[in-house]
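Asks: Okay, handing you the structure first.
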Amino acid sequence: MASTDHTLQVDAHGRLKHFLTIDGLERELLINILDTAESFAGVGERAVKKVPLLRGKTIVNLFFEPSTRTRTTFELAAKRLSADVLNINASTSSTTKGESLLDTLRTLEAMHCDMFVVRHAQSGAAHFIARHAAPHISVINGGDGRHAHPTQAMLDMFTIRRHKGEFASLKVAIVGDVSHSRVARSQIHALVTLGAAEVRIVAPRTLVPPGLERLGVSVHHDLRQGIANADVVILLRLQNERMRGALLPSSHEYFQYYGVTEEKLAAADPDAIVMHPGPLNRGVEIDSDVADGARSVILRQVGYGIAIRMAVMSMAIGSHAAAEREGG
Amino acid sequence: MASTDHTLQVDAHGRLKHFLTIDGLERELLINILDTAESFAGVGERAVKKVPLLRGKTIVNLFFEPSTRTRTTFELAAKRLSADVLNINASTSSTTKGESLLDTLRTLEAMHCDMFVVRHAQSGAAHFIARHAAPHISVINGGDGRHAHPTQAMLDMFTIRRHKGEFASLKVAIVGDVSHSRVARSQIHALVTLGAAEVRIVAPRTLVPPGLERLGVSVHHDLRQGIANADVVILLRLQNERMRGALLPSSHEYFQYYGVTEEKLAAADPDAIVMHPGPLNRGVEIDSDVADGARSVILRQVGYGIAIRMAVMSMAIGSHAAAEREGG
Amino acid sequence: MASTDHTLQVDAHGRLKHFLTIDGLERELLINILDTAESFAGVGERAVKKVPLLRGKTIVNLFFEPSTRTRTTFELAAKRLSADVLNINASTSSTTKGESLLDTLRTLEAMHCDMFVVRHAQSGAAHFIARHAAPHISVINGGDGRHAHPTQAMLDMFTIRRHKGEFASLKVAIVGDVSHSRVARSQIHALVTLGAAEVRIVAPRTLVPPGLERLGVSVHHDLRQGIANADVVILLRLQNERMRGALLPSSHEYFQYYGVTEEKLAAADPDAIVMHPGPLNRGVEIDSDVADGARSVILRQVGYGIAIRMAVMSMAIGSHAAAEREGG
């Protein structure tokens, strides 16, 4: 049960230290994150969208790969927790002066920062940083290569629980470019851990990594068959910018076979919800009728994303504060 | 009276919802903005330059065209109102991933942002965004193409009222490249609405758009004649970067005929004030003796600009809050 | 005693107005800065890393040359003093519209900013700005050309005092590219003013500016001889990016003669501390064994840097506030 990832992410009292991957985390902790996010979900609707939980803490957005959308949600979550935020575009900063990643970390630690939100094009970068960070630092993975994007996966779980209730009865289909998606792996781990009745992957053969079935999912190459009677249909973004070589004939052809239209969606449960991490490629993986339709919860996911990030940030910094009080 | 612009900008109780253009706004509302700005004008001189009016609100600077100066004034105004500010350089962000403008808007709305300050190279962009924004969002036009720059125009009105008193007795000359100026159109609408005695446009034939007289102004091509006895001389910036083709022989020749020098300024009223939106092209539209002279109020305009932006921001967010309390 | 620099930086009551260079400042003021920093040194270790001293003040990071590390430390210092911070990348802003530096300054002053932290590639830029700034503005030099980097030098003095005590008994060696270093000149002035027993410069002939001895230092070209019995060894970064022409054969050869290894460090006092301003060029001016060794205080310098910047910022803004209260 206690994998390396588990030990790295969770302290001896079961509290979240870092949030790097869903893989290896226990069901109880995932439920704890969802419940904590529930308590923050209303903050965005208040007149004063702020709680003083992390006042006087310093959170660094350490982005080695630009992503305005992800950076924005973490920045908003931090500000609504009353933390101070530093945005560091690491791709253009001191690394250009030849400084090593570890020296950059040591320097930020010495400035008494409390948390690094790390975005990196290389798989494993957030783990590396967490493994080498000082004890008072929490690391949140904001997406690393094709590996993981755990806050995105948890906001998806939050969305599913809010709209469809308990996981045990749910059939969930994940549709699209699983091979290049950091989100898909995190989603699969979360759904399996939370006990979803069925998790199905729907994708062309060229976009499915080998051995996926070992994670506890079924693999389908026909869209209608894959989403048949599904309660939740999660679409992935076609990562055009991350694909190398000609795995796909054209985005037009992709739409023809895997683009979700109202007509194809008829195969799913009539009360199914449709999810997408954004930004949308309308007319590629999703038809506008579906994106803007009654079953789409895509925009709600965005708001839930702030609540999940507030939850993970406050839990991780809180566990360090607790450890320090206990003399650890 | 109730033009489309009016209906879009003002709610049923006459309160400012969005601030997109001066065109169509009533005199009473403009006076209200000036009076509100008056109450903020002292904040910049206090030891603690902050009021808690917009604490816990999120204001997004959504700049599709870079403008450090305009972004800075809005950011300062928001911070002095205690709001949280997100700066989004939209020209380099998710639009590069192919996301549509509307999807970007929907995403920011779903993050429970309260206000978008929009800067865009295309005329009508701020209107488009306001027309499609969710009811809880206020949109402020920070300059769109050649169309409008209403906060700049209102800070000019604030400057005139502070230094010259009531509009009814004033002769105002607007000198320069009216054709390419988003400020000039906004200024003309404001001056006419506020009842200035006389509004004159002074520019070379190639830089005056046709039909300008219909707005209630007189057009002059000779500088001395145009500013004769004027109480207020507003200079426009020569928008070199926005001009296409050879409308002007050279900036040297422009200075010779339309550059305002102390010698030419003698034609205006001895108590005339000289205004300019900045940044200055010294030696092109204005001589340094005039820019730094006793009649120049150019730097005071900058400080008034913060007060006007604080006024518009607090009024627009306040009207949404009021509408929500009333169940609208 | 009252040099031009002194008069510019210190008011009639001996209070710090601007912080531009160590040159010309009196011992008492330097001690005052160190003592004030001492009072801030604990803030970074508190649960709430904030004091309300500069609440409602506006501090502008005006960077004409990019430097993420320096910008970050000033931004953090300002935020921990509760000030509002504006980051202006002046190399890409209105200067591209042809605005003069003075007009940019006047504009920021008119926005009621309180402090400019200036970083510029040209020596003397911060002095120029301080000389032309309005009376209510404080200017902090964040590094100008090869001239000065006084907050870096003061954090070095803070480090020395914390770890080695009084200056009068100390032998300090500064090793490296003195010729291209803005830090070295500031360090020499500070050490001489604070009364260090001995200040030695250790560098190849091509990297020592002529006439350095007049500042009160000895010059050495042999590393072991230069650091013999030294209590403090300060390494300079090899400014590869600032060197023109072939002053050095190769960084490999530099390491052979001037790179500090544990073996060479044996010549220094057994309790010597090793300092470096960062970012490190490991294997060029410093060996990793030394950088990460027991005598290295390099990372502590970073934390002290926040305290020194908090000290200088609060002193400079405080002196303006005091002057205003006195009617000055």
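Chains: A, B, ... in order of the structure tokens. Residues: from 1 per chain. Ligands: from 1, in order shown.
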Any idea what's packed within 9 Å of Glu45 (chain A), counting only C-alpha atoms, ignoring anything in its chain fewer than 4 positions away? Could you give it as a ChimeraX atom specification?
Replies: /A:41,49 /B:112
Asks: Within 7 Å of His147 (chain A), counting only C-alpha atoms, which residues qualify if same-chain residues fewer than 6 places away don't, as a PyMOL selection string?
Replies: chain A and resi 123-124+182
Asks: Would you mind exporting N, CA and C atoms of the selected residues as a short mmCIF file (atom, residue, chain, number, x, y, z; two decimals), in the first residue's frame?
Replies:
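Contents of the output file part.cif:
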data_model
loop_
_atom_site.label_atom_id
_atom_site.label_comp_id
_atom_site.auth_asym_id
_atom_site.auth_seq_id
_atom_site.Cartn_x
_atom_site.Cartn_y
_atom_site.Cartn_z
N SER A 123 8.27 14.79 -17.44
CA SER A 123 7.64 13.90 -16.48
C SER A 123 8.59 13.70 -15.30
N GLY A 124 8.03 13.77 -14.09
CA GLY A 124 8.85 13.50 -12.90
C GLY A 124 9.49 14.74 -12.29
N ARG A 182 -1.48 14.16 -19.60
CA ARG A 182 -1.09 14.00 -18.20
C ARG A 182 -2.32 13.88 -17.32
#
Asks: Leaving out region 6-23 of chain C and any residue of its chain fewer than 4 positions from it, which residues lie within 8 Å of it when counting only C-alpha atoms, given as an mmCIF file with N, CA and C atoms, in the first residue's frame?
Replies:
data_model
loop_
_atom_site.group_PDB
_atom_site.id
_atom_site.type_symbol
_atom_site.label_atom_id
_atom_site.label_comp_id
_atom_site.auth_asym_id
_atom_site.auth_seq_id
_atom_site.Cartn_x
_atom_site.Cartn_y
_atom_site.Cartn_z
ATOM 1 N N ALA C 2 31.066 65.182 3.411
ATOM 2 C CA ALA C 2 29.791 65.212 2.692
ATOM 3 C C ALA C 2 30.022 65.187 1.177
ATOM 4 N N LEU C 29 25.551 55.065 9.745
ATOM 5 C CA LEU C 29 24.365 54.724 8.952
ATOM 6 C C LEU C 29 24.399 53.251 8.524
ATOM 7 N N ALA C 126 20.793 54.719 -11.526
ATOM 8 C CA ALA C 126 20.015 54.937 -10.302
ATOM 9 C C ALA C 126 20.272 56.333 -9.733
ATOM 10 N N HIS C 127 21.542 56.785 -9.789
ATOM 11 C CA HIS C 127 21.850 58.150 -9.355
ATOM 12 C C HIS C 127 21.077 59.172 -10.184
ATOM 13 N N ALA C 130 17.521 59.192 -9.067
ATOM 14 C CA ALA C 130 17.365 59.803 -7.736
ATOM 15 C C ALA C 130 17.505 61.326 -7.825
ATOM 16 N N ARG C 131 18.457 61.755 -8.644
ATOM 17 C CA ARG C 131 18.714 63.187 -8.764
ATOM 18 C C ARG C 131 17.518 63.917 -9.375
ATOM 19 N N SER C 138 11.576 57.683 -3.017
ATOM 20 C CA SER C 138 12.867 57.087 -2.653
ATOM 21 C C SER C 138 13.329 56.171 -3.776
ATOM 22 N N VAL C 139 14.621 56.180 -4.034
ATOM 23 C CA VAL C 139 15.179 55.316 -5.071
ATOM 24 C C VAL C 139 16.158 54.328 -4.429
ATOM 25 N N ILE C 140 15.987 53.051 -4.751
ATOM 26 C CA ILE C 140 16.915 52.022 -4.301
ATOM 27 C C ILE C 140 17.620 51.478 -5.537
ATOM 28 N N ASN C 141 18.917 51.437 -5.488
ATOM 29 C CA ASN C 141 19.701 50.890 -6.598
ATOM 30 C C ASN C 141 19.709 49.358 -6.502
ATOM 31 N N ALA C 148 27.515 49.679 -8.941
ATOM 32 C CA ALA C 148 27.189 49.389 -7.543
ATOM 33 C C ALA C 148 26.000 48.444 -7.449
ATOM 34 N N HIS C 149 25.930 47.756 -6.336
ATOM 35 C CA HIS C 149 24.804 46.889 -6.010
ATOM 36 C C HIS C 149 24.733 46.890 -4.475
ATOM 37 N N PRO C 150 24.330 48.030 -3.913
ATOM 38 C CA PRO C 150 24.558 48.246 -2.483
ATOM 39 C C PRO C 150 23.746 47.332 -1.560
ATOM 40 N N SER C 186 30.979 47.828 -4.209
ATOM 41 C CA SER C 186 30.144 48.121 -3.042
ATOM 42 C C SER C 186 30.682 47.409 -1.809
ATOM 43 N N HIS C 189 33.835 49.302 -0.420
ATOM 44 C CA HIS C 189 33.452 50.504 0.317
ATOM 45 C C HIS C 189 32.869 50.154 1.683
ATOM 46 N N ALA C 190 32.023 49.138 1.726
ATOM 47 C CA ALA C 190 31.373 48.778 2.993
ATOM 48 C C ALA C 190 32.399 48.251 3.993
ATOM 49 N N VAL C 312 16.202 48.609 4.336
ATOM 50 C CA VAL C 312 16.475 49.781 3.518
ATOM 51 C C VAL C 312 15.172 50.412 3.020
ATOM 52 N N MET C 315 13.418 52.135 6.016
ATOM 53 C CA MET C 315 14.151 53.335 6.447
ATOM 54 C C MET C 315 13.962 54.480 5.463
ATOM 55 N N ALA C 316 14.069 54.179 4.171
ATOM 56 C CA ALA C 316 13.982 55.247 3.164
ATOM 57 C C ALA C 316 12.573 55.837 3.110
ATOM 58 N N ILE C 317 11.560 54.982 3.120
ATOM 59 C CA ILE C 317 10.196 55.517 3.088
ATOM 60 C C ILE C 317 9.884 56.200 4.419
ATOM 61 N N SER C 319 11.986 57.882 6.260
ATOM 62 C CA SER C 319 12.619 59.204 6.338
ATOM 63 C C SER C 319 11.811 60.240 5.562
ATOM 64 N N HIS C 320 11.191 59.809 4.448
ATOM 65 C CA HIS C 320 10.334 60.732 3.706
ATOM 66 C C HIS C 320 9.110 61.102 4.526
#
Asks: Do a neighbour search on region 35-38 of chain A at 7 Å with only C-alpha atoms, toss out local chain neighbours closer than 4 positions, and write the hits as a compact mmCIF listing (two decimals) with C-alpha atoms, in the first residue's frame.
Replies:
# COMPACT_ATOMS: atom_id res chain seq x y z
CA ILE A 31 -12.25 11.94 0.11
CA ALA A 307 -11.91 25.16 -4.65
CA ILE A 308 -9.76 22.02 -5.15
CA MET A 310 -7.54 26.01 -2.22
CA ALA A 311 -8.11 22.66 -0.49
Asks: With 12 Å as the limit and counting only C-alpha atoms, what residues in chain C lie close to chain B? Please list them as a VMD selection string.
Replies: chain C and resid 52 to 60 62 82 to 114 136 317 to 318 320 to 322 324 to 325
Asks: Can I get the selected residues back with N, CA and C atoms, as a compact mmCIF listing (two decimals), in the first residue's frame?
Replies:
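File again23.txt, as written:
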# COMPACT_ATOMS: atom_id res chain seq x y z
N PRO C 52 3.04 45.21 9.18
CA PRO C 52 2.19 46.18 8.46
C PRO C 52 2.87 47.52 8.19
N LEU C 53 4.21 47.59 8.29
CA LEU C 53 4.91 48.87 8.25
C LEU C 53 4.63 49.72 7.00
N LEU C 54 4.60 49.12 5.82
CA LEU C 54 4.43 49.91 4.59
C LEU C 54 3.06 49.67 3.95
N ARG C 55 2.06 49.36 4.75
CA ARG C 55 0.72 49.16 4.21
C ARG C 55 0.25 50.44 3.50
N GLY C 56 -0.29 50.28 2.30
CA GLY C 56 -0.78 51.44 1.56
C GLY C 56 0.30 52.22 0.84
N LYS C 57 1.56 51.73 0.88
CA LYS C 57 2.61 52.35 0.08
C LYS C 57 2.73 51.59 -1.24
N THR C 58 3.19 52.28 -2.28
CA THR C 58 3.34 51.66 -3.60
C THR C 58 4.82 51.64 -3.98
N ILE C 59 5.35 50.44 -4.18
CA ILE C 59 6.75 50.27 -4.55
C ILE C 59 6.81 49.73 -5.97
N VAL C 60 7.60 50.39 -6.82
CA VAL C 60 7.70 50.01 -8.23
C VAL C 60 9.05 49.35 -8.48
N LEU C 62 11.36 48.84 -11.11
CA LEU C 62 11.56 49.44 -12.44
C LEU C 62 12.82 48.83 -13.03
N SER C 82 4.03 44.61 3.70
CA SER C 82 2.61 44.90 3.38
C SER C 82 2.43 46.00 2.34
N ALA C 83 3.48 46.35 1.59
CA ALA C 83 3.34 47.35 0.53
C ALA C 83 2.68 46.72 -0.70
N ASP C 84 2.12 47.57 -1.57
CA ASP C 84 1.69 47.12 -2.90
C ASP C 84 2.87 47.23 -3.86
N VAL C 85 3.03 46.24 -4.73
CA VAL C 85 4.19 46.20 -5.63
C VAL C 85 3.72 46.23 -7.08
N LEU C 86 4.35 47.08 -7.87
CA LEU C 86 4.16 47.08 -9.33
C LEU C 86 5.45 46.62 -9.98
N ASN C 87 5.40 45.60 -10.80
CA ASN C 87 6.58 45.17 -11.55
C ASN C 87 6.52 45.78 -12.95
N ILE C 88 7.48 46.60 -13.30
CA ILE C 88 7.52 47.18 -14.64
C ILE C 88 8.79 46.75 -15.34
N ASN C 89 8.60 46.00 -16.41
CA ASN C 89 9.71 45.57 -17.24
C ASN C 89 9.97 46.70 -18.22
N ALA C 90 10.83 47.62 -17.80
CA ALA C 90 10.97 48.87 -18.55
C ALA C 90 11.64 48.67 -19.89
N SER C 91 12.27 47.53 -20.09
CA SER C 91 12.94 47.32 -21.37
C SER C 91 11.93 47.05 -22.48
N THR C 92 10.70 46.67 -22.10
CA THR C 92 9.72 46.37 -23.14
C THR C 92 8.50 47.29 -23.08
N SER C 93 8.52 48.30 -22.20
CA SER C 93 7.30 49.10 -22.01
C SER C 93 7.36 50.39 -22.80
N SER C 94 6.86 51.48 -22.23
CA SER C 94 6.60 52.69 -23.01
C SER C 94 7.87 53.27 -23.64
N THR C 95 9.03 52.86 -23.14
CA THR C 95 10.24 53.32 -23.82
C THR C 95 10.22 52.89 -25.28
N THR C 96 9.51 51.82 -25.58
CA THR C 96 9.40 51.41 -26.98
C THR C 96 8.52 52.37 -27.77
N LYS C 97 7.68 53.15 -27.06
CA LYS C 97 6.89 54.16 -27.76
C LYS C 97 7.68 55.47 -27.85
N GLY C 98 8.94 55.44 -27.46
CA GLY C 98 9.79 56.60 -27.63
C GLY C 98 9.74 57.58 -26.46
N GLU C 99 9.11 57.17 -25.35
CA GLU C 99 9.04 58.08 -24.22
C GLU C 99 10.40 58.18 -23.56
N SER C 100 10.76 59.35 -23.09
CA SER C 100 12.05 59.51 -22.44
C SER C 100 11.99 58.96 -21.03
N LEU C 101 13.17 58.64 -20.46
CA LEU C 101 13.24 58.12 -19.10
C LEU C 101 12.63 59.12 -18.12
N LEU C 102 12.92 60.40 -18.30
CA LEU C 102 12.38 61.40 -17.37
C LEU C 102 10.86 61.45 -17.42
N ASP C 103 10.29 61.34 -18.62
CA ASP C 103 8.84 61.36 -18.72
C ASP C 103 8.23 60.13 -18.06
N THR C 104 8.90 58.98 -18.19
CA THR C 104 8.43 57.77 -17.49
C THR C 104 8.44 58.00 -15.98
N LEU C 105 9.52 58.59 -15.46
CA LEU C 105 9.61 58.88 -14.03
C LEU C 105 8.50 59.80 -13.58
N ARG C 106 8.33 60.91 -14.30
CA ARG C 106 7.32 61.90 -13.93
C ARG C 106 5.94 61.25 -13.87
N THR C 107 5.69 60.33 -14.83
CA THR C 107 4.40 59.67 -14.89
C THR C 107 4.19 58.80 -13.66
N LEU C 108 5.21 58.01 -13.31
CA LEU C 108 5.07 57.13 -12.13
C LEU C 108 4.95 57.96 -10.85
N GLU C 109 5.67 59.07 -10.78
CA GLU C 109 5.54 59.94 -9.61
C GLU C 109 4.12 60.48 -9.48
N ALA C 110 3.56 60.86 -10.63
CA ALA C 110 2.22 61.43 -10.62
C ALA C 110 1.17 60.40 -10.19
N MET C 111 1.52 59.12 -10.28
CA MET C 111 0.61 58.06 -9.80
C MET C 111 0.76 57.86 -8.29
N HIS C 112 1.52 58.73 -7.65
CA HIS C 112 1.71 58.67 -6.19
C HIS C 112 2.40 57.38 -5.76
N CYS C 113 3.39 56.94 -6.55
CA CYS C 113 4.23 55.85 -6.09
C CYS C 113 5.20 56.40 -5.04
N ASP C 114 5.70 55.52 -4.17
CA ASP C 114 6.55 55.96 -3.07
C ASP C 114 8.02 55.60 -3.28
N HIS C 136 9.04 63.24 -2.89
CA HIS C 136 8.36 62.18 -2.13
C HIS C 136 8.79 60.78 -2.55
N ILE C 317 11.56 54.98 3.12
CA ILE C 317 10.20 55.52 3.09
C ILE C 317 9.88 56.20 4.42
N GLY C 318 10.42 55.67 5.51
CA GLY C 318 10.21 56.30 6.81
C GLY C 318 10.81 57.69 6.89
N HIS C 320 11.19 59.81 4.45
CA HIS C 320 10.33 60.73 3.71
C HIS C 320 9.11 61.10 4.53
N ALA C 321 8.53 60.10 5.18
CA ALA C 321 7.36 60.36 6.00
C ALA C 321 7.72 61.33 7.12
N ALA C 322 8.88 61.12 7.75
CA ALA C 322 9.31 62.00 8.83
C ALA C 322 9.52 63.42 8.30
N GLU C 324 8.10 64.80 5.79
CA GLU C 324 6.81 65.44 5.50
C GLU C 324 6.13 65.93 6.77
N ARG C 325 6.21 65.11 7.82
CA ARG C 325 5.63 65.53 9.10
C ARG C 325 6.28 66.82 9.60
Asks: Quick one: residues within 9 Å of His180 (chain C), only C-alpha atoms, excluding same-chain residues fewer than 2 positions away - as a PyMOL selection string?
Replies: chain C and resi 145-147+177-178+182+184+207-209+238-239+242-243
Asks: Next, write the just-selected residues to a file, as a PDB file, in the first residue's frame, keeping N, CA and C atoms as the atom set.
Replies:
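Now in out-v9.pdb:
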ATOM      1  N   GLY C 145      24.924  48.716 -13.993  1.00  0.00           N
ATOM      2  CA  GLY C 145      26.140  48.480 -14.774  1.00  0.00           C
ATOM      3  C   GLY C 145      27.219  47.811 -13.941  1.00  0.00           C
ATOM      4  N   ARG C 146      28.443  48.332 -14.048  1.00  0.00           N
ATOM      5  CA  ARG C 146      29.543  47.800 -13.239  1.00  0.00           C
ATOM      6  C   ARG C 146      29.725  48.625 -11.975  1.00  0.00           C
ATOM      7  N   HIS C 147      28.793  49.520 -11.687  1.00  0.00           N
ATOM      8  CA  HIS C 147      29.018  50.525 -10.674  1.00  0.00           C
ATOM      9  C   HIS C 147      28.751  50.039  -9.247  1.00  0.00           C
ATOM     10  N   ASP C 177      36.258  38.118 -10.472  1.00  0.00           N
ATOM     11  CA  ASP C 177      36.214  39.093 -11.553  1.00  0.00           C
ATOM     12  C   ASP C 177      35.791  40.466 -11.027  1.00  0.00           C
ATOM     13  N   VAL C 178      36.721  41.140 -10.349  1.00  0.00           N
ATOM     14  CA  VAL C 178      36.416  42.444  -9.747  1.00  0.00           C
ATOM     15  C   VAL C 178      36.086  43.464 -10.830  1.00  0.00           C
ATOM     16  N   ARG C 182      29.638  44.659 -10.155  1.00  0.00           N
ATOM     17  CA  ARG C 182      29.077  45.803  -9.453  1.00  0.00           C
ATOM     18  C   ARG C 182      29.074  45.568  -7.952  1.00  0.00           C
ATOM     19  N   ALA C 184      31.509  43.987  -6.155  1.00  0.00           N
ATOM     20  CA  ALA C 184      32.822  44.108  -5.523  1.00  0.00           C
ATOM     21  C   ALA C 184      33.096  45.535  -5.044  1.00  0.00           C
ATOM     22  N   LEU C 207      41.600  40.991 -14.750  1.00  0.00           N
ATOM     23  CA  LEU C 207      40.279  41.236 -14.160  1.00  0.00           C
ATOM     24  C   LEU C 207      40.340  42.173 -12.954  1.00  0.00           C
ATOM     25  N   VAL C 208      41.458  42.918 -12.829  1.00  0.00           N
ATOM     26  CA  VAL C 208      41.571  43.912 -11.756  1.00  0.00           C
ATOM     27  C   VAL C 208      41.623  45.305 -12.376  1.00  0.00           C
ATOM     28  N   PRO C 209      40.713  46.177 -12.043  1.00  0.00           N
ATOM     29  CA  PRO C 209      40.774  47.539 -12.607  1.00  0.00           C
ATOM     30  C   PRO C 209      41.965  48.287 -12.013  1.00  0.00           C
ATOM     31  N   LEU C 238      31.644  34.740 -11.986  1.00  0.00           N
ATOM     32  CA  LEU C 238      32.321  35.061 -13.242  1.00  0.00           C
ATOM     33  C   LEU C 238      31.254  35.531 -14.235  1.00  0.00           C
ATOM     34  N   GLN C 239      31.282  36.812 -14.546  1.00  0.00           N
ATOM     35  CA  GLN C 239      30.205  37.401 -15.334  1.00  0.00           C
ATOM     36  C   GLN C 239      30.415  37.124 -16.814  1.00  0.00           C
ATOM     37  N   ARG C 242      28.843  39.347 -19.235  1.00  0.00           N
ATOM     38  CA  ARG C 242      29.168  40.762 -19.295  1.00  0.00           C
ATOM     39  C   ARG C 242      30.578  41.029 -19.839  1.00  0.00           C
ATOM     40  N   MET C 243      31.285  39.962 -20.150  1.00  0.00           N
ATOM     41  CA  MET C 243      32.652  40.131 -20.628  1.00  0.00           C
ATOM     42  C   MET C 243      32.697  40.297 -22.130  1.00  0.00           C
TER      43      MET C 243
END
Asks: Can you tell me, as a PyMOL selection string, what residues are no more than 6 Å from region 155-171 of chain A when counting only C-alpha atoms, ignoring any on the same chain fewer than 5 positions away?
Replies: chain A and resi 34+195-198+230-231+304-305+308
Asks: Quick one: residues within 7 Å of region 225-228 of chain B, only C-alpha atoms, excluding same-chain residues fewer than 2 positions away - as a list in words?
Replies: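 Listed by chain and then number, they are Ala173, Arg200, Val202, His220, Asp222, Leu223, Ala230, Val233, Ala267 and Ala268 of chain B.
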Asks: Could you save the residues just selected, with C-alpha atoms, as a PDB file, in the first residue's frame?
Replies:
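File selection-v3.pdb, as written:
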ATOM      1  CA  ALA B 173      -9.592  72.814 -28.771  1.00  0.00           C
ATOM      2  CA  ARG B 200     -12.944  72.660 -31.945  1.00  0.00           C
ATOM      3  CA  VAL B 202      -7.574  71.261 -35.151  1.00  0.00           C
ATOM      4  CA  HIS B 220      -9.955  73.911 -38.229  1.00  0.00           C
ATOM      5  CA  ASP B 222      -4.833  76.304 -38.945  1.00  0.00           C
ATOM      6  CA  LEU B 223      -3.438  75.855 -35.451  1.00  0.00           C
ATOM      7  CA  ALA B 230      -9.348  78.649 -26.164  1.00  0.00           C
ATOM      8  CA  VAL B 233      -5.944  72.975 -25.434  1.00  0.00           C
ATOM      9  CA  ALA B 267      -3.132  82.685 -29.473  1.00  0.00           C
ATOM     10  CA  ALA B 268      -5.038  80.848 -26.710  1.00  0.00           C
TER      11      ALA B 268
END
Asks: Determine which residues of region 112-228 of chain A receive a DSSP assignment of strand (DSSP E), computed from the backbone, and state them as a list in words.
Replies: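 Assigned to strand (DSSP E), within region 112-228 of chain A: Met115, Phe116, Val117, Val118, Arg119, His120, Ser138, Val139, Ile140, Asn141, Gly142, Gly143, Asp144, Lys171, Val172, Ala173, Ile174, Val175, Glu198, Val199, Arg200, Ile201, Val202, Ser218, Val219 and His220 of chain A.
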Asks: By how many Å are CA of Leu235 (chain B) and CA of Ile33 (chain B) apart?
Replies: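 For CA of Leu235 (chain B) relative to CA of Ile33 (chain B), the distance reads 23.2 Å.
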Asks: So which bits of region 9-242 of chain C end up alpha helix (DSSP H) when you DSSP the backbone, as a ChimeraX atom specification?
Replies: /C:9,27-40,68-80,101-110,125-132,150-164,182-193,223-226
Asks: Tell me which of A:Leu215, A:Leu25, A:Ala272, A:Ile286 sits closest to Met154 (chain A), counting only C-alpha atoms.
Replies: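 Among A:Leu215, A:Leu25, A:Ala272, A:Ile286, it is A:Leu25 that comes nearest to Met154 (chain A).
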